[in-house]
Amino acid sequence: MTSHDRAEQHDGTPAPEVRLERDGAVAVITIDRPKALNALSPAVLDALAAILEELATDPAGLAGVLLVGAGGRAFVAGADISAMPGLTPDEGAQTAERGHGVAAAVEALPLPVIACVDGYALGGGLELALACDFIYATEASRFGQPEVHLGLIPGFGGTVRLPRAVGPALAKELIYTGRQLGVDEAVQAGLVLRRFADREALLAGARETVERIGANAATAVALAKRVLVGAAGTPTATATLLEIEGFRDAFRTDDMREGVAAFLEKRDPEFTGR
Ligand code: DAK
C-alpha cells in the first residue's frame, strides 16, 4: 500500500479517480486523487480521455463544463512524477501524446470548459487548465511550469499555449525559472480571468457563467469555440477563412433561424441546439 492508493467506495471497489456529474446544463469533471495532489497518472489521463469522449458523443442539454480538482489543495500538481522513473524516451513521448490527446479533446469539445483552480496548477496541471477556454481561480491558487527542476520541459502543450496566454517573455521566464505565480500576478498576466475568495464562490461563479452561456444558441457557442480554437496562432488569412466557414455553418442551423426570427418578432428565442 502507498499513500496514493485509491479511496474505496461503500461496496469496497476503488473510487473512480475522475468523475463526471451532470447537473442541469452544467457538467462537472472532478479529478479526485487528492493524496497525490491530483497528479495526472496514465490512468487519470485515460479516464479523462474517456469522459471527454462521452461528453463529445452526448453534449445535448449541456451548456458547459467545469473542470475541478478534489481535496482543496490542488487543481492538478502536474504529471505524475512517480510514473516517470524508468520511462524510455519512446515511452516518454507516448506520455506526451496521451497528455496532448487530452488537451486536444478539451479543445475539440463542442462545449466551453472552465478550469476551476483552487490550489496548485503546476506543470501538466497548468497545461490542462490552459487547454480549457478560460481559468477561474481562488485566492489560494498557484501557477507554474516547474519541469526544469526535474530535468524536463513542459510536455502537455505548455510551450505552445502558455506564450499565447501570457506573452512569450513571461512564458519563457516561467518555464526557465520554474517559479510560481500567485493569483495577483496570474490575473495581471491574463492567465486567470476571474478570481474568487474561496472554492464555494469559485464554483458558484463558474456555474453562473455556464448558465449564462446556456441562454444562448448551443450551436452558435460550439461554432464560436471551433473557430476560436482553430484560429489560435494561425495567420490572419487562415483565421479569417475559418471564421467564414463557421459563419456559413451557422446559417445551416435551426437556432440561427429561430434567433433572428425571435429578434424580428420581438420575442424571446426558443433554441433547440440544432
Ligand atoms: N506527481 C506525483 N505525486 C505528487 C506530485 C506529482 N506531480 N505533486 C505532489 N505529489 C505528492 C507528493 O509526493 C506527496 O505525496 P506523499 O509524500 O504524501 O506520498 C503529496 O502529493 C503531497 O505533496 P507534498 O508533501 O510535496 O506537499 P507540499 O505542500 O509540501 O508541496 C507542491 C506541494 C505542489 C509544491 C509539491 O508537492 C511539488 O512541488 N510537487 C511537484 C510539482 C511539480 O513538479 N509538478 C510538475 C510535474 S512535471 C512528459 C510529459 C509531460 C510532463 C512530464 C513528462 N512526458 C512526455 C514523459 C509534465 C511534467 C510535469 O507536470
# chains A, B, ... in the order shown; residues from 1 in each chain; ligands from 1
$ select_by_dssp --residues "stretch 6-205 of chain A" --states "alpha helix (DSSP H)" --output "PyMOL selection string"
chain A and resi 42-57+89-108+124-131+158-166+168-177+183-188+199-205
$ residues_around --residues "A:Leu191" --least-positions-apart "4" --cutoff "12 Å" --atoms "only C-alpha atoms" --output "ChimeraX atom specification"
/A:115,117,121,126-127,129-137,141-144,161-167,170-171,181-187,195
$ write_last_selection --atoms "C-alpha atoms" --output "compact mmCIF listing (two decimals), in the first residue's frame"
# COMPACT_ATOMS: atom_id res chain seq x y z
CA ALA A 115 -10.78 25.35 -15.44
CA VAL A 117 -8.43 26.22 -10.00
CA ALA A 121 -1.93 24.22 -11.03
CA LEU A 126 -1.35 24.28 -15.73
CA GLU A 127 -1.16 22.82 -19.23
CA ALA A 129 -6.01 24.41 -17.46
CA LEU A 130 -4.55 26.23 -20.48
CA ALA A 131 -6.39 23.87 -22.83
CA CYS A 132 -9.67 24.96 -21.22
CA ASP A 133 -11.50 28.01 -22.57
CA PHE A 134 -10.59 30.11 -19.57
CA ILE A 135 -9.38 29.85 -15.99
CA TYR A 136 -11.22 30.95 -12.85
CA ALA A 137 -9.24 30.64 -9.63
CA SER A 141 -4.08 29.27 -6.21
CA ARG A 142 -0.53 28.96 -7.54
CA PHE A 143 0.55 28.53 -11.14
CA GLY A 144 3.83 27.38 -12.65
CA ARG A 161 -0.34 27.62 -25.00
CA LEU A 162 1.43 29.49 -22.17
CA PRO A 163 3.09 32.06 -24.52
CA ARG A 164 -0.28 32.60 -26.18
CA ALA A 165 -1.90 33.22 -22.80
CA VAL A 166 0.70 35.45 -21.12
CA GLY A 167 3.03 36.50 -23.94
CA LEU A 170 6.70 35.86 -19.23
CA ALA A 171 6.18 32.32 -20.55
CA LEU A 181 2.74 32.85 -9.86
CA GLY A 182 0.23 33.77 -7.17
CA VAL A 183 -3.25 34.75 -8.19
CA ASP A 184 -2.50 38.50 -8.27
CA GLU A 185 0.21 38.09 -10.86
CA ALA A 186 -1.78 35.43 -12.73
CA VAL A 187 -4.73 37.82 -13.13
CA ARG A 195 -10.56 35.42 -9.00
$ closest_atom_pairs --of "chain A" --to "ligand 1" --cutoff "8 Å" --atoms "only C-alpha atoms and all ligand atoms" --output "tab-separated table"
residue	atom	partner	partner_atom_place_in_ligand_line	distance
A:Thr2	CA	ligand 1	19 (O)	7.0
A:Ser3	CA	ligand 1	19 (O)	5.0
A:His4	CA	ligand 1	19 (O)	6.1
A:Pro34	CA	ligand 1	21 (O)	7.5
A:Lys35	CA	ligand 1	21 (O)	5.5
A:Ala36	CA	ligand 1	21 (O)	3.5
A:Leu37	CA	ligand 1	21 (O)	4.8
A:Asn38	CA	ligand 1	5 (C)	7.6
A:Ala39	CA	ligand 1	1 (N)	4.8
A:Leu40	CA	ligand 1	1 (N)	7.2
A:Ser41	CA	ligand 1	1 (N)	7.8
A:Ala74	CA	ligand 1	34 (C)	7.5
A:Val76	CA	ligand 1	7 (N)	7.8
A:Ala77	CA	ligand 1	7 (N)	4.8
A:Gly78	CA	ligand 1	61 (O)	3.4
A:Ala79	CA	ligand 1	61 (O)	3.8
A:Asp80	CA	ligand 1	1 (N)	3.5
A:Ile81	CA	ligand 1	1 (N)	4.0
A:Ser82	CA	ligand 1	2 (C)	5.3
A:Ala83	CA	ligand 1	2 (C)	7.7
A:Met84	CA	ligand 1	57 (C)	6.6
A:Leu87	CA	ligand 1	57 (C)	7.4
A:Pro89	CA	ligand 1	57 (C)	7.8
A:Glu91	CA	ligand 1	57 (C)	6.9
A:Gly92	CA	ligand 1	57 (C)	3.5
A:Ala93	CA	ligand 1	56 (C)	4.7
A:Gln94	CA	ligand 1	56 (C)	6.6
A:Thr95	CA	ligand 1	56 (C)	4.7
A:Ala96	CA	ligand 1	56 (C)	3.6
A:Glu97	CA	ligand 1	56 (C)	7.2
A:Gly99	CA	ligand 1	50 (C)	6.8
A:Tyr120	CA	ligand 1	34 (C)	6.0
A:Leu122	CA	ligand 1	45 (N)	5.1
A:Gly123	CA	ligand 1	61 (O)	3.5
A:Gly124	CA	ligand 1	61 (O)	3.8
A:Gly125	CA	ligand 1	61 (O)	6.5
A:Gln145	CA	ligand 1	46 (C)	6.5
A:Pro146	CA	ligand 1	44 (O)	5.1
A:Glu147	CA	ligand 1	48 (S)	4.7
A:His149	CA	ligand 1	44 (O)	7.0
A:Leu150	CA	ligand 1	44 (O)	6.9
A:Leu152	CA	ligand 1	53 (C)	6.7
A:Ile153	CA	ligand 1	59 (C)	7.1
A:Pro154	CA	ligand 1	58 (C)	5.4
A:Gly155	CA	ligand 1	51 (C)	3.5
A:Phe156	CA	ligand 1	51 (C)	5.1
$ residues_around --residues "A:Glu53" --least-positions-apart "5" --cutoff "9 Å" --atoms "only C-alpha atoms" --output "list of chain:residue names"
A:Leu48, A:Asp58, A:Ala105, A:Leu109
$ write_last_selection --atoms "N, CA and C atoms" --output "PDB file, in the first residue's frame"
ATOM      1  N   LEU A  48      -9.781  10.658 -18.008  1.00  0.00           N
ATOM      2  CA  LEU A  48     -10.196  11.971 -18.527  1.00  0.00           C
ATOM      3  C   LEU A  48     -10.563  11.858 -20.006  1.00  0.00           C
ATOM      4  N   ASP A  58     -22.293  12.913 -26.433  1.00  0.00           N
ATOM      5  CA  ASP A  58     -23.637  13.265 -25.973  1.00  0.00           C
ATOM      6  C   ASP A  58     -23.637  14.599 -25.210  1.00  0.00           C
ATOM      7  N   ALA A 105      -8.671  17.012 -26.821  1.00  0.00           N
ATOM      8  CA  ALA A 105     -10.080  16.630 -26.625  1.00  0.00           C
ATOM      9  C   ALA A 105     -10.843  17.722 -25.889  1.00  0.00           C
ATOM     10  N   LEU A 109     -14.016  19.679 -27.698  1.00  0.00           N
ATOM     11  CA  LEU A 109     -15.357  19.507 -27.126  1.00  0.00           C
ATOM     12  C   LEU A 109     -16.258  20.664 -27.572  1.00  0.00           C
TER      13      LEU A 109
END
$ select_by_dssp --residues "stretch 57-254 of chain A" --states "strand (DSSP E or B)" --output "PyMOL selection string"
chain A and resi 64-69+74-76+79+113-117+120-122+134-138+142-144+181-182+194-196
$ residues_around --residues "A:Leu202" --least-positions-apart "3" --cutoff "7 Å" --atoms "only C-alpha atoms" --output "NGL selection string"
:A and (116 or 136-138 or 196 or 198-199 or 205-206)
$ write_last_selection --atoms "N, CA and C atoms" --output "PDB file, in the first residue's frame"
ATOM      1  N   CYS A 116     -11.467  25.366 -13.114  1.00  0.00           N
ATOM      2  CA  CYS A 116     -11.762  25.966 -11.805  1.00  0.00           C
ATOM      3  C   CYS A 116     -10.612  25.605 -10.871  1.00  0.00           C
ATOM      4  N   TYR A 136     -10.778  30.238 -14.048  1.00  0.00           N
ATOM      5  CA  TYR A 136     -11.221  30.949 -12.855  1.00  0.00           C
ATOM      6  C   TYR A 136     -10.427  30.340 -11.689  1.00  0.00           C
ATOM      7  N   ALA A 137     -10.089  31.177 -10.702  1.00  0.00           N
ATOM      8  CA  ALA A 137      -9.245  30.643  -9.626  1.00  0.00           C
ATOM      9  C   ALA A 137      -9.553  31.299  -8.286  1.00  0.00           C
ATOM     10  N   THR A 138      -9.248  30.563  -7.223  1.00  0.00           N
ATOM     11  CA  THR A 138      -9.376  31.131  -5.871  1.00  0.00           C
ATOM     12  C   THR A 138      -8.089  31.879  -5.523  1.00  0.00           C
ATOM     13  N   PHE A 196     -11.693  34.448  -7.126  1.00  0.00           N
ATOM     14  CA  PHE A 196     -12.779  34.265  -6.148  1.00  0.00           C
ATOM     15  C   PHE A 196     -12.158  34.042  -4.770  1.00  0.00           C
ATOM     16  N   ASP A 198     -13.009  31.993  -2.355  1.00  0.00           N
ATOM     17  CA  ASP A 198     -12.838  30.598  -1.936  1.00  0.00           C
ATOM     18  C   ASP A 198     -13.502  29.658  -2.947  1.00  0.00           C
ATOM     19  N   ARG A 199     -13.395  28.375  -2.636  1.00  0.00           N
ATOM     20  CA  ARG A 199     -13.866  27.353  -3.572  1.00  0.00           C
ATOM     21  C   ARG A 199     -15.373  27.464  -3.855  1.00  0.00           C
ATOM     22  N   GLY A 205     -19.542  30.955  -9.160  1.00  0.00           N
ATOM     23  CA  GLY A 205     -19.268  31.892 -10.263  1.00  0.00           C
ATOM     24  C   GLY A 205     -19.160  31.176 -11.597  1.00  0.00           C
ATOM     25  N   ALA A 206     -18.516  30.014 -11.588  1.00  0.00           N
ATOM     26  CA  ALA A 206     -18.352  29.262 -12.832  1.00  0.00           C
ATOM     27  C   ALA A 206     -19.703  28.711 -13.319  1.00  0.00           C
TER      28      ALA A 206
END
$ atom_distance --atom1 "atom CA of A:Gly214" --atom2 "atom CA of A:Thr272"
11.1 Å
$ atom_distance --atom1 "atom CA of A:Gly71" --atom2 "atom CA of A:Arg33"
7.9 Å
$ closest_residue --among "A:Ala239, A:Arg179, A:Ala63, A:Gly158" --to "A:Asn216" --atoms "only C-alpha atoms"
A:Ala63
$ atom_distance --atom1 "atom CA of A:Arg248" --atom2 "atom CA of A:Gly233"
22.0 Å
$ closest_residue --among "A:Pro85, A:Gly69, A:Gly101, A:Pro168" --to "A:Gly119" --atoms "only C-alpha atoms"
A:Gly69
$ closest_atom_pairs --of "stretch 77-156 of chain A" --to "stretch 210-213 of chain A" --cutoff "10 Å" --atoms "only C-alpha atoms" --output "Markdown table"
| residue | atom | partner | partner_atom | distance |
| --- | --- | --- | --- | --- |
| A:Leu111 | CA | A:Val210 | CA | 9.7 |
| A:Pro112 | CA | A:Val210 | CA | 8.0 |
| A:Val113 | CA | A:Val210 | CA | 8.9 |
| A:Ile114 | CA | A:Val210 | CA | 8.6 |
$ residues_around --residues "A:Ile29" --least-positions-apart "5" --cutoff "8 Å" --atoms "only C-alpha atoms" --output "PyMOL selection string"
chain A and resi 18-21+65-68
